[in-house]
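Student: File name upload.txt; file contents compact mmCIF, C-alpha atoms; full text below.
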```txt
# COMPACT_ATOMS: atom_id res chain seq x y z
CA MET A 1 -74.56 14.11 -108.86
CA SER A 2 -74.74 17.26 -110.97
CA ALA A 3 -74.47 15.31 -114.25
CA THR A 4 -77.91 13.79 -113.65
CA VAL A 5 -79.69 17.04 -112.74
CA ASN A 6 -82.37 18.18 -115.18
CA PRO A 7 -83.73 21.39 -113.62
CA PRO A 8 -87.31 22.41 -114.42
CA VAL A 9 -87.62 25.88 -115.99
CA VAL A 10 -91.32 26.45 -115.29
CA PHE A 11 -93.63 26.07 -112.30
CA THR A 12 -95.35 22.70 -112.42
CA GLN A 13 -97.58 20.38 -110.42
CA ASP A 14 -95.51 17.40 -111.56
CA GLU A 15 -93.46 15.47 -109.03
CA LEU A 16 -89.86 16.67 -108.94
CA GLY A 17 -86.70 15.33 -107.35
CA TRP A 18 -84.25 17.42 -105.35
CA VAL A 19 -80.46 17.17 -105.37
CA SER A 20 -78.24 18.54 -102.61
CA TRP A 21 -75.27 20.80 -103.36
CA ILE A 22 -73.47 19.78 -100.17
CA GLU A 23 -73.06 16.38 -98.53
CA PRO A 24 -76.07 14.81 -96.82
CA LEU A 25 -75.27 12.33 -94.05
CA PRO A 26 -74.93 8.79 -95.39
CA GLU A 27 -77.85 6.61 -94.30
CA ALA A 28 -75.42 4.19 -92.64
CA GLU A 29 -74.18 6.94 -90.29
CA LEU A 30 -77.58 7.87 -88.85
CA THR A 31 -77.94 7.36 -85.08
CA GLU A 32 -80.99 7.46 -82.82
CA ARG A 33 -80.37 11.18 -82.31
CA HIS A 34 -80.69 11.62 -86.07
CA PHE A 35 -83.81 9.46 -86.30
CA ALA A 36 -85.42 11.61 -83.60
CA GLY A 37 -84.60 14.64 -85.78
CA LEU A 38 -86.13 13.03 -88.86
CA VAL A 39 -89.40 12.42 -86.92
CA ASP A 40 -90.54 9.95 -89.62
CA ARG A 41 -87.94 7.18 -90.05
CA ALA A 42 -88.84 6.89 -93.74
CA ARG A 43 -87.38 10.36 -94.27
CA ALA A 44 -83.92 8.73 -94.03
CA LYS A 45 -84.45 7.89 -97.72
CA SER A 46 -84.67 11.58 -98.66
CA GLU A 47 -81.48 13.44 -99.55
CA TYR A 48 -83.03 16.70 -98.35
CA PHE A 49 -83.82 15.38 -94.90
CA ARG A 50 -80.49 13.56 -94.57
CA LEU A 51 -78.87 16.91 -95.22
CA LEU A 52 -81.00 18.85 -92.72
CA VAL A 53 -80.49 16.12 -90.11
CA ARG A 54 -76.93 17.35 -89.73
CA ASP A 55 -78.61 19.58 -87.12
CA PRO A 56 -81.14 17.11 -85.69
CA GLU A 57 -82.65 19.29 -82.97
CA VAL A 58 -83.49 22.11 -85.37
CA LEU A 59 -84.88 19.66 -87.94
CA GLU A 60 -87.09 17.96 -85.36
CA ALA A 61 -88.55 21.27 -84.16
CA ARG A 62 -88.96 22.53 -87.74
CA THR A 63 -90.74 19.35 -88.82
CA LYS A 64 -93.17 19.36 -85.90
CA THR A 65 -93.94 23.05 -86.48
CA ASP A 66 -94.62 22.29 -90.15
CA LYS A 67 -96.86 19.30 -89.46
CA ASP A 68 -99.10 21.12 -86.98
CA ILE A 69 -99.46 24.22 -89.18
CA PHE A 70 -100.54 22.15 -92.20
CA TYR A 71 -101.99 18.86 -90.94
CA ASN A 72 -103.89 19.88 -87.82
CA VAL A 73 -107.29 20.41 -89.38
CA ALA A 74 -109.44 19.75 -86.30
CA ASP A 75 -110.45 23.41 -86.68
CA GLY A 76 -109.42 26.53 -88.54
CA LEU A 77 -108.67 27.08 -92.21
CA PRO A 78 -109.37 24.19 -94.64
CA ARG A 79 -106.21 22.31 -95.62
CA ALA A 80 -106.64 23.40 -99.26
CA GLU A 81 -106.23 27.05 -98.34
CA ARG A 82 -103.23 26.43 -96.09
CA GLU A 83 -101.64 24.71 -99.08
CA LEU A 84 -102.67 27.66 -101.27
CA ALA A 85 -100.78 30.00 -98.92
CA ALA A 86 -97.74 27.71 -99.17
CA ALA A 87 -97.96 27.51 -102.97
CA ALA A 88 -98.45 31.27 -103.39
CA THR A 89 -95.50 32.04 -101.11
CA SER A 90 -93.34 29.59 -103.05
CA ARG A 91 -94.48 31.06 -106.39
CA TYR A 92 -93.60 34.56 -105.21
CA ASN A 93 -90.23 33.64 -103.69
CA GLY A 94 -89.43 31.54 -106.76
CA CYS A 95 -89.17 28.06 -105.25
CA ILE A 96 -90.18 25.77 -108.11
CA TYR A 97 -89.74 22.63 -105.99
CA CYS A 98 -91.83 23.83 -103.00
CA ALA A 99 -94.49 25.22 -105.33
CA SER A 100 -94.80 21.86 -107.11
CA VAL A 101 -95.45 19.95 -103.88
CA HIS A 102 -97.90 22.41 -102.37
CA ALA A 103 -99.70 23.21 -105.61
CA ARG A 104 -100.38 19.47 -105.89
CA PHE A 105 -101.73 19.40 -102.34
CA ALA A 106 -103.83 22.51 -102.99
CA SER A 107 -105.30 20.84 -106.08
CA THR A 108 -105.96 17.58 -104.26
CA TYR A 109 -107.75 19.20 -101.32
CA SER A 110 -109.60 21.93 -103.23
CA LYS A 111 -110.44 20.03 -106.45
CA ARG A 112 -109.58 23.29 -108.23
CA ARG A 113 -106.57 22.08 -110.20
CA GLU A 114 -107.05 24.62 -113.01
CA ASP A 115 -107.12 27.56 -110.64
CA VAL A 116 -103.99 26.28 -108.93
CA GLN A 117 -102.32 25.92 -112.33
CA LYS A 118 -103.38 29.49 -113.14
CA LEU A 119 -101.48 30.65 -110.02
CA LEU A 120 -98.38 28.78 -111.22
CA ASP A 121 -98.68 29.97 -114.83
CA GLU A 122 -99.74 33.59 -114.36
CA GLY A 123 -98.14 34.25 -110.99
CA VAL A 124 -99.50 35.76 -107.81
CA ASN A 125 -101.71 38.32 -109.58
CA ALA A 126 -103.86 35.61 -111.18
CA ASP A 127 -107.59 36.12 -110.48
CA LEU A 128 -108.74 33.12 -108.42
CA GLY A 129 -111.91 34.55 -106.89
CA GLU A 130 -112.32 36.74 -103.81
CA ARG A 131 -111.42 34.23 -101.10
CA TRP A 132 -108.36 32.74 -102.78
CA ASN A 133 -107.24 36.18 -103.98
CA ALA A 134 -107.28 37.40 -100.37
CA VAL A 135 -105.21 34.40 -99.21
CA VAL A 136 -102.69 34.81 -102.04
CA LYS A 137 -102.42 38.58 -101.51
CA ALA A 138 -101.85 38.15 -97.76
CA SER A 139 -99.18 35.50 -98.44
CA VAL A 140 -97.39 37.78 -100.91
CA ALA A 141 -97.52 40.72 -98.49
CA LEU A 142 -95.98 38.53 -95.78
CA ALA A 143 -93.27 37.22 -98.11
CA SER A 144 -92.14 40.69 -99.14
CA THR A 145 -89.12 42.25 -97.47
CA PRO A 146 -89.74 44.70 -95.84
CA ILE A 147 -92.91 42.84 -94.82
CA ALA A 148 -95.91 44.51 -96.47
CA PHE A 149 -98.67 42.74 -94.50
CA GLY A 150 -101.05 45.23 -92.95
CA PRO A 151 -104.59 46.05 -91.75
CA ASP A 152 -105.91 45.97 -95.35
CA ASN A 153 -104.92 42.31 -95.65
CA ILE A 154 -106.81 41.50 -92.44
CA LYS A 155 -109.84 43.41 -93.75
CA GLU A 156 -109.79 41.52 -97.05
CA LEU A 157 -109.42 38.14 -95.36
CA ARG A 158 -112.31 38.94 -93.05
CA SER A 159 -114.59 40.13 -95.83
CA ALA A 160 -113.72 36.93 -97.72
CA GLY A 161 -115.17 35.05 -94.75
CA LEU A 162 -112.12 34.11 -92.67
CA ASP A 163 -112.32 34.37 -88.88
CA ASP A 164 -109.32 35.28 -86.75
CA ALA A 165 -108.28 31.66 -86.11
CA GLU A 166 -108.32 31.04 -89.87
CA ILE A 167 -106.30 34.21 -90.46
CA VAL A 168 -103.70 32.88 -88.00
CA ASP A 169 -103.53 29.70 -90.12
CA VAL A 170 -102.82 31.88 -93.19
CA ILE A 171 -100.13 33.79 -91.27
CA ASN A 172 -98.54 30.56 -90.02
CA GLY A 173 -98.72 28.75 -93.36
CA ALA A 174 -97.35 31.65 -95.41
CA SER A 175 -94.67 32.47 -92.84
CA PHE A 176 -93.56 28.85 -92.63
CA PHE A 177 -92.89 28.78 -96.35
CA ASN A 178 -90.52 31.68 -96.01
CA TRP A 179 -88.55 29.21 -93.91
CA ALA A 180 -88.97 26.20 -96.23
CA ASN A 181 -88.36 28.07 -99.50
CA ARG A 182 -85.01 29.41 -98.33
CA LEU A 183 -83.71 25.95 -97.44
CA MET A 184 -84.93 24.28 -100.63
CA LEU A 185 -83.67 27.08 -102.87
CA SER A 186 -80.22 27.45 -101.37
CA LEU A 187 -79.00 23.99 -100.35
CA GLY A 188 -79.70 22.20 -103.62
CA GLU A 189 -81.87 22.21 -106.70
CA PRO A 190 -84.90 20.49 -108.19
CA SER A 191 -84.59 17.93 -110.95
CA LYS A 192 -87.22 16.55 -113.32
CA MET B 1 -103.79 30.50 -70.43
CA SER B 2 -100.25 29.99 -71.73
CA THR B 3 -96.86 31.02 -70.41
CA PRO B 4 -95.57 33.58 -72.94
CA ASP B 5 -93.01 32.22 -75.40
CA ILE B 6 -90.65 34.23 -77.57
CA ILE B 7 -93.29 34.86 -80.28
CA ASP B 8 -95.79 36.09 -77.64
CA THR B 9 -93.13 38.34 -76.17
CA LEU B 10 -92.16 39.84 -79.52
CA ALA B 11 -95.76 40.13 -80.79
CA GLY B 12 -97.08 41.52 -77.48
CA ILE B 13 -99.58 38.68 -76.95
CA LYS B 14 -100.84 38.58 -73.36
CA PRO B 15 -101.81 35.39 -71.51
CA GLY B 16 -105.58 34.95 -71.67
CA SER B 17 -106.00 37.18 -74.74
CA ALA B 18 -107.97 36.13 -77.83
CA LEU B 19 -104.76 35.50 -79.79
CA ASP B 20 -103.31 33.45 -76.93
CA ALA B 21 -106.39 31.21 -77.18
CA ILE B 22 -106.02 30.93 -80.96
CA ARG B 23 -102.32 30.05 -80.69
CA ALA B 24 -103.25 27.37 -78.11
CA LYS B 25 -105.16 25.53 -80.87
CA ARG B 26 -101.84 24.94 -82.62
CA LEU B 27 -99.97 23.89 -79.51
CA GLN B 28 -97.49 21.63 -81.29
CA ALA B 29 -96.58 24.43 -83.71
CA ARG B 30 -96.34 26.89 -80.83
CA ASP B 31 -94.10 24.59 -78.76
CA ASN B 32 -91.89 23.72 -81.70
CA ALA B 33 -91.46 27.27 -82.94
CA GLN B 34 -90.11 27.87 -79.43
CA LYS B 35 -87.93 24.73 -79.60
CA SER B 36 -86.60 25.90 -82.95
CA TYR B 37 -85.61 29.19 -81.39
CA LEU B 38 -83.97 27.47 -78.42
CA SER B 39 -82.11 24.89 -80.49
CA LEU B 40 -80.68 27.69 -82.65
CA PHE B 41 -79.73 30.09 -79.86
CA GLU B 42 -79.10 27.68 -76.97
CA PRO B 43 -77.82 24.68 -78.93
CA ILE B 44 -76.54 21.42 -77.45
CA ASP B 45 -73.50 21.78 -79.69
CA ALA B 46 -72.23 25.13 -80.95
CA GLY B 47 -69.11 23.55 -82.46
CA ASP B 48 -69.94 24.29 -86.10
CA VAL B 49 -71.55 27.73 -85.60
CA SER B 50 -70.53 29.77 -82.55
CA LEU B 51 -73.03 31.61 -80.36
CA LEU B 52 -71.44 34.88 -81.45
CA GLU B 53 -71.90 34.00 -85.14
CA ARG B 54 -75.53 33.07 -84.51
CA ALA B 55 -76.22 36.35 -82.72
CA ALA B 56 -74.44 38.45 -85.35
CA VAL B 57 -76.30 36.79 -88.23
CA ALA B 58 -79.62 37.14 -86.36
CA ALA B 59 -79.09 40.86 -85.72
CA PHE B 60 -78.17 41.36 -89.38
CA VAL B 61 -81.06 39.34 -90.82
CA THR B 62 -83.77 40.85 -88.64
CA GLY B 63 -82.28 44.32 -89.08
CA LEU B 64 -82.54 43.93 -92.86
CA HIS B 65 -86.31 43.54 -92.39
CA GLY B 66 -86.50 47.04 -90.91
CA GLU B 67 -86.99 48.38 -87.43
CA SER B 68 -89.20 46.17 -85.30
CA PRO B 69 -89.34 44.64 -81.82
CA VAL B 70 -87.76 41.54 -83.40
CA ALA B 71 -84.79 43.47 -84.76
CA THR B 72 -84.34 45.23 -81.41
CA PHE B 73 -84.46 41.90 -79.57
CA TYR B 74 -81.71 40.32 -81.69
CA ARG B 75 -79.57 43.45 -81.63
CA GLU B 76 -79.72 43.32 -77.83
CA LYS B 77 -78.93 39.60 -77.94
CA LEU B 78 -75.81 40.37 -79.97
CA ALA B 79 -74.80 43.10 -77.52
CA ALA B 80 -75.22 40.63 -74.64
CA THR B 81 -73.23 37.83 -76.30
CA ALA B 82 -69.52 37.50 -75.48
CA GLY B 83 -67.63 39.44 -78.16
CA GLY B 84 -70.87 40.88 -79.56
CA ALA B 85 -70.55 44.47 -78.40
CA ALA B 86 -67.42 44.82 -80.53
CA LEU B 87 -69.39 43.76 -83.62
CA LEU B 88 -72.43 46.03 -83.17
CA GLY B 89 -70.99 48.96 -85.11
CA ALA B 90 -70.04 46.81 -88.08
CA VAL B 91 -73.35 44.92 -88.09
CA ASP B 92 -75.38 48.15 -87.84
CA ALA B 93 -73.40 49.69 -90.70
CA GLU B 94 -73.87 46.58 -92.85
CA ILE B 95 -77.63 46.56 -92.19
CA THR B 96 -77.81 50.14 -93.47
CA ARG B 97 -75.78 49.23 -96.54
CA GLY B 98 -77.76 46.05 -97.21
CA LYS B 99 -81.35 47.30 -96.88
CA THR B 100 -83.40 46.94 -100.05
CA SER B 101 -86.71 45.39 -101.19
CA GLY B 102 -87.27 41.75 -102.12
CA PRO B 103 -87.74 39.13 -103.29
CA TYR B 104 -85.82 39.67 -106.53
CA GLY B 105 -83.41 37.61 -108.60
CA SER B 106 -83.34 35.32 -111.60
CA PHE B 107 -85.22 32.19 -112.59
CA PRO B 108 -83.66 29.30 -114.52
CA ALA B 109 -83.28 30.40 -118.16
CA GLY B 110 -86.54 29.81 -120.04
CA PRO B 111 -90.13 31.09 -120.01
CA LEU B 112 -89.75 32.52 -116.49
CA SER B 113 -86.83 34.73 -117.51
CA ILE B 114 -89.26 37.59 -118.21
CA GLU B 115 -89.91 37.67 -114.46
CA ASN B 116 -86.22 38.16 -113.64
CA ALA B 117 -85.74 41.23 -111.45
CA ALA B 118 -82.35 42.81 -110.88
CA GLY B 119 -81.34 44.15 -107.49
CA LEU B 120 -78.52 44.69 -105.05
CA ILE B 121 -75.80 42.03 -105.02
CA TYR B 122 -74.64 42.81 -101.51
CA ARG B 123 -71.03 42.53 -100.42
CA VAL B 124 -69.61 43.49 -97.02
CA SER B 125 -67.73 46.80 -97.18
CA ALA B 126 -63.94 46.60 -97.22
CA SER B 127 -63.77 48.67 -94.03
CA ASN B 128 -65.82 46.16 -91.98
CA LYS B 129 -64.14 42.99 -93.20
CA SER B 130 -61.44 42.84 -90.56
CA ALA B 131 -63.87 43.48 -87.68
CA LEU B 132 -66.17 40.69 -88.89
CA GLY B 133 -63.61 38.13 -90.01
CA VAL B 134 -63.68 35.80 -93.02
CA ARG B 135 -66.43 33.48 -91.75
CA LEU B 136 -68.87 36.24 -90.82
CA VAL B 137 -68.19 38.19 -94.00
CA SER B 138 -69.21 35.17 -96.09
CA ALA B 139 -72.14 34.49 -93.75
CA LEU B 140 -73.57 38.02 -93.99
CA GLU B 141 -73.23 38.01 -97.78
CA HIS B 142 -75.03 34.67 -98.01
CA ALA B 143 -77.64 35.73 -95.46
CA HIS B 144 -78.42 38.79 -97.57
CA LEU B 145 -78.94 36.53 -100.58
CA LEU B 146 -81.28 34.30 -98.54
CA VAL B 147 -83.30 37.26 -97.28
CA PHE B 148 -83.73 39.17 -100.54
CA ARG B 149 -82.98 36.94 -103.53
CA PRO B 150 -83.21 33.30 -102.48
CA ARG B 151 -84.00 32.22 -106.05
CA ASP B 152 -80.50 33.37 -107.09
CA ALA B 153 -78.86 30.77 -104.83
CA ALA B 154 -76.42 28.51 -106.67
CA SER B 155 -73.98 25.71 -105.88
CA THR B 156 -71.16 28.26 -106.10
CA ASP B 157 -72.60 29.98 -103.01
CA MET B 158 -72.12 26.75 -101.06
CA LYS B 159 -68.54 26.58 -102.32
CA ALA B 160 -67.92 30.15 -101.11
CA LEU B 161 -69.09 29.23 -97.60
CA LEU B 162 -66.99 26.05 -97.56
CA ALA B 163 -63.97 28.06 -98.73
CA ALA B 164 -64.53 30.56 -95.90
CA GLY B 165 -64.27 27.75 -93.36
CA TRP B 166 -67.90 26.71 -92.90
CA SER B 167 -68.45 22.95 -92.50
CA ASN B 168 -71.34 21.10 -94.16
CA THR B 169 -73.07 20.91 -90.78
CA GLY B 170 -72.33 24.56 -90.10
CA ILE B 171 -73.92 25.54 -93.41
CA VAL B 172 -77.06 23.59 -92.51
CA THR B 173 -77.36 25.23 -89.08
CA PHE B 174 -76.61 28.69 -90.46
CA SER B 175 -79.15 28.24 -93.28
CA GLN B 176 -81.77 27.05 -90.77
CA LEU B 177 -81.02 30.11 -88.65
CA VAL B 178 -81.66 32.58 -91.48
CA ALA B 179 -84.68 30.63 -92.73
CA PHE B 180 -86.17 30.30 -89.23
CA LEU B 181 -85.78 34.04 -88.61
CA SER B 182 -87.51 34.70 -91.95
CA PHE B 183 -90.44 32.72 -90.49
CA GLN B 184 -90.35 34.19 -87.00
CA VAL B 185 -90.23 37.83 -88.08
CA ARG B 186 -93.29 37.24 -90.29
CA VAL B 187 -95.35 35.39 -87.70
CA VAL B 188 -94.66 38.18 -85.22
CA ASN B 189 -95.56 40.85 -87.77
CA GLY B 190 -98.73 38.98 -88.77
CA LEU B 191 -99.93 38.40 -85.22
CA ARG B 192 -99.18 42.00 -84.21
CA THR B 193 -101.14 43.25 -87.22
CA LEU B 194 -104.06 40.97 -86.38
CA ALA B 195 -104.02 42.01 -82.72
CA ALA B 196 -104.09 45.69 -83.71
CA ALA B 197 -107.00 45.05 -86.09
CA THR B 198 -108.93 43.28 -83.34
CA ALA B 199 -108.40 45.84 -80.57
```
I'd like the structure from this file rewritten - as structure tokens, please.
Tutor:
Amino acid sequence: MSATVNPPVVFTQDELGWVSWIEPLPEAELTERHFAGLVDRARAKSEYFRLLVRDPEVLEARTKTDKDIFYNVADGLPRAERELAAAATSRYNGCIYCASVHARFASTYSKRREDVQKLLDEGVNADLGERWNAVVKASVALASTPIAFGPDNIKELRSAGLDDAEIVDVINGASFFNWANRLMLSLGEPSK
Amino acid sequence: MSTPDIIDTLAGIKPGSALDAIRAKRLQARDNAQKSYLSLFEPIDAGDVSLLERAAVAAFVTGLHGESPVATFYREKLAATAGGAALLGAVDAEITRGKTSGPYGSFPAGPLSIENAAGLIYRVSASNKSALGVRLVSALEHAHLLVFRPRDAASTDMKALLAAGWSNTGIVTFSQLVAFLSFQVRVVNGLRTLAAATA
């Protein structure tokens, strides 16, 4: 496997592959318990999900948490800004793979591809305008250890126009990527 | 009005409060954050990662984030787990030794190298190794990497866990545990902060 890996050395919005460092389950060995864990059967084609499905109950709960935080747009923060929180968290933690996926989504939903690229190129201090700056800053504060998120972040998000339900979407989206980044970064690596 | 889950309990969210109503709008996320917690701490199958290992890693990881209701909760969980009381001293001492500020670490060699930031490469102290045992020593060292410098992770870290007796499935569960706690401790912090700013 490792002979074919061509790791990216910059943050990008291009589509990347991902190669596991330990053994995913072979597709032929997946049972109904595993398919329940995958949630979407098509995910059996992904090396990443066939690795995580070694613990199907955790994967299922993780996946359903993820989907509701990002895809449930009946109310709350626009999808673009949830993706921005995910991309900013990934940029700050250093997950080139996660950043590529969620920067693409942020671009698609916001139509602000150049601003998203500026975040990737310049990092989390890039000036993206008041509202996006507040979302990025809150995401960075949450990703820091010890956690640096505080009343000033709430104040900035509110003055940028976010209500409390939207702020909860920022908290959920940014926090979730502290989960996702650690799996993607430590169980394998991206490949161009 | 919702029945309090673990995040409500740790964040101090009361049934019928404004934040309870907001969380109810993301019911699937709420329910599955709870299911994630339960499947990690009350698993169907603890064959690859024991309940004691889960509790010890959780106390260590949340302790590294600093004092908080979350850290207290998992320290108490370790104390209440069979064999856990005997590990408390070692885990507490290792938290003190391991505390630092993150994220830091290195990027793949290239244009991002200027952003590389050096920091503590944590190793369990020689004096606590026998109390913790080979598997937990390797787990705490890897957990510290995941908490503070996840971008440093390399295939050799997987080899170290395998060599210490962790199975492929055990590595997945253990990694999910650390990653989930990284999420949970932040959601709780964020919601607590928001609640305080709303009061």
Student: Report the closest atom pair, with its distance in Å rounded to one decimal, for each residue of chain A that has an atom no farther than 7 Å from chain B; count all atoms listed in the file, sort by chain and then rising residue number, and write it as JSON lines.
Tutor:
```
{"residue": "A:Val9", "atom": "CA", "partner": "B:Pro108", "partner_atom": "CA", "distance": 5.4}
{"residue": "A:Val10", "atom": "CA", "partner": "B:Leu112", "partner_atom": "CA", "distance": 6.4}
{"residue": "A:Trp21", "atom": "CA", "partner": "B:Ser155", "partner_atom": "CA", "distance": 5.7}
{"residue": "A:Ile22", "atom": "CA", "partner": "B:Asn168", "partner_atom": "CA", "distance": 6.5}
{"residue": "A:Glu23", "atom": "CA", "partner": "B:Asn168", "partner_atom": "CA", "distance": 6.7}
{"residue": "A:Leu52", "atom": "CA", "partner": "B:Val172", "partner_atom": "CA", "distance": 6.2}
{"residue": "A:Arg54", "atom": "CA", "partner": "B:Thr169", "partner_atom": "CA", "distance": 5.4}
{"residue": "A:Asp55", "atom": "CA", "partner": "B:Thr173", "partner_atom": "CA", "distance": 6.1}
{"residue": "A:Glu57", "atom": "CA", "partner": "B:Ser39", "partner_atom": "CA", "distance": 6.1}
{"residue": "A:Val58", "atom": "CA", "partner": "B:Ser36", "partner_atom": "CA", "distance": 5.5}
{"residue": "A:Ala61", "atom": "CA", "partner": "B:Asn32", "partner_atom": "CA", "distance": 4.8}
{"residue": "A:Arg62", "atom": "CA", "partner": "B:Ser36", "partner_atom": "CA", "distance": 6.3}
{"residue": "A:Lys64", "atom": "CA", "partner": "B:Asn32", "partner_atom": "CA", "distance": 6.2}
{"residue": "A:Thr65", "atom": "CA", "partner": "B:Ala29", "partner_atom": "CA", "distance": 4.1}
{"residue": "A:Asp68", "atom": "CA", "partner": "B:Ala29", "partner_atom": "CA", "distance": 5.3}
{"residue": "A:Ile69", "atom": "CA", "partner": "B:Ala29", "partner_atom": "CA", "distance": 6.2}
{"residue": "A:Asn93", "atom": "CA", "partner": "B:Pro103", "partner_atom": "CA", "distance": 6.0}
{"residue": "A:Gly94", "atom": "CA", "partner": "B:Arg151", "partner_atom": "CA", "distance": 5.5}
{"residue": "A:Cys95", "atom": "CA", "partner": "B:Arg151", "partner_atom": "CA", "distance": 6.7}
{"residue": "A:Leu142", "atom": "CA", "partner": "B:Arg186", "partner_atom": "CA", "distance": 6.2}
{"residue": "A:Ser144", "atom": "CA", "partner": "B:Gly102", "partner_atom": "CA", "distance": 5.8}
{"residue": "A:Thr145", "atom": "CA", "partner": "B:Gly102", "partner_atom": "CA", "distance": 5.0}
{"residue": "A:Pro146", "atom": "CA", "partner": "B:His65", "partner_atom": "CA", "distance": 5.0}
{"residue": "A:Phe149", "atom": "CA", "partner": "B:Gly190", "partner_atom": "CA", "distance": 6.9}
{"residue": "A:Gly150", "atom": "CA", "partner": "B:Thr193", "partner_atom": "CA", "distance": 6.1}
{"residue": "A:Pro151", "atom": "CA", "partner": "B:Ala197", "partner_atom": "CA", "distance": 6.2}
{"residue": "A:Ile154", "atom": "CA", "partner": "B:Leu194", "partner_atom": "CA", "distance": 6.7}
{"residue": "A:Ala165", "atom": "CA", "partner": "B:Ile22", "partner_atom": "CA", "distance": 5.7}
{"residue": "A:Ile171", "atom": "CA", "partner": "B:Gly190", "partner_atom": "CA", "distance": 5.9}
{"residue": "A:Asn172", "atom": "CA", "partner": "B:Val187", "partner_atom": "CA", "distance": 6.2}
{"residue": "A:Ser175", "atom": "CA", "partner": "B:Phe183", "partner_atom": "CA", "distance": 4.8}
{"residue": "A:Phe176", "atom": "CA", "partner": "B:Phe183", "partner_atom": "CA", "distance": 5.4}
{"residue": "A:Asn178", "atom": "CA", "partner": "B:Phe183", "partner_atom": "CA", "distance": 5.6}
{"residue": "A:Trp179", "atom": "CA", "partner": "B:Ala179", "partner_atom": "CA", "distance": 4.3}
{"residue": "A:Arg182", "atom": "CA", "partner": "B:Ala179", "partner_atom": "CA", "distance": 5.7}
{"residue": "A:Leu183", "atom": "CA", "partner": "B:Ser175", "partner_atom": "CA", "distance": 6.6}
{"residue": "A:Leu185", "atom": "CA", "partner": "B:Arg151", "partner_atom": "CA", "distance": 6.1}
{"residue": "A:Ser186", "atom": "CA", "partner": "B:Ala153", "partner_atom": "CA", "distance": 5.0}
```
Student: Can you pull out the residues contacting Met184 in chain A? Cut-off 9 Å, using all atoms listed in the file, and skip same-chain residues under 5 positions away; I want them as JSON, numbers by chain.
Tutor: {"A": [18, 48, 95, 97, 98, 189, 190]}
Student: Work out how far apart CA of Asp152 in chain A and CA of Glu130 in chain A are and give it in Å to one decimal.
Tutor: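 Separating CA of Asp152 in chain A from CA of Glu130 in chain A is a distance of 14.1 Å.
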Student: May I ask for the distance between CA of Ala74 in chain A and CA of Thr9 in chain B, given in Å to one decimal place?
Tutor: 26.7 Å
Student: Would you mind reading off the distance between CA of Leu10 in chain B and CA of Glu53 in chain B, one decimal, in Å?
Tutor: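 Distance between the two atoms: 21.8 Å.
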Student: Which residues are near Val5 in chain A? Cut-off 8 Å, all atoms listed in the file, ignore same chain within fewer than 6 positions. Put them as a list in words.
Tutor: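 Surrounding residues, per the criterion: Val19, Pro190, Ser191 and Lys192 of chain A.
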Student: Show which residues sit within 10 Å of Ala44 in chain A, as a list in words. Count only C-alpha atoms, and ignore same-chain residues fewer than 6 positions away.
Tutor: Leu25, Pro26, Glu27, Ala28, Leu30, His34, Phe35, Leu38, Arg50, Leu51 and Val53 of chain A
Student: Name all residues at most 12 Å from Gly89 in chain B (count all atoms listed in the file; drop same-chain ones fewer than 6 positions away) and give them as a CSV table (one decimal) with C-alpha atoms, keeping the file's coordinate frame.
Tutor:
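Full text of result-v1.csv as output:
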```csv
chain,number,residue,atom,x,y,z
B,56,ALA,CA,-74.4,38.4,-85.4
B,59,ALA,CA,-79.1,40.9,-85.7
B,60,PHE,CA,-78.2,41.4,-89.4
B,75,ARG,CA,-79.6,43.4,-81.6
B,78,LEU,CA,-75.8,40.4,-80.0
B,79,ALA,CA,-74.8,43.1,-77.5
B,95,ILE,CA,-77.6,46.6,-92.2
B,96,THR,CA,-77.8,50.1,-93.5
B,127,SER,CA,-63.8,48.7,-94.0
B,128,ASN,CA,-65.8,46.2,-92.0
B,131,ALA,CA,-63.9,43.5,-87.7
B,132,LEU,CA,-66.2,40.7,-88.9
```
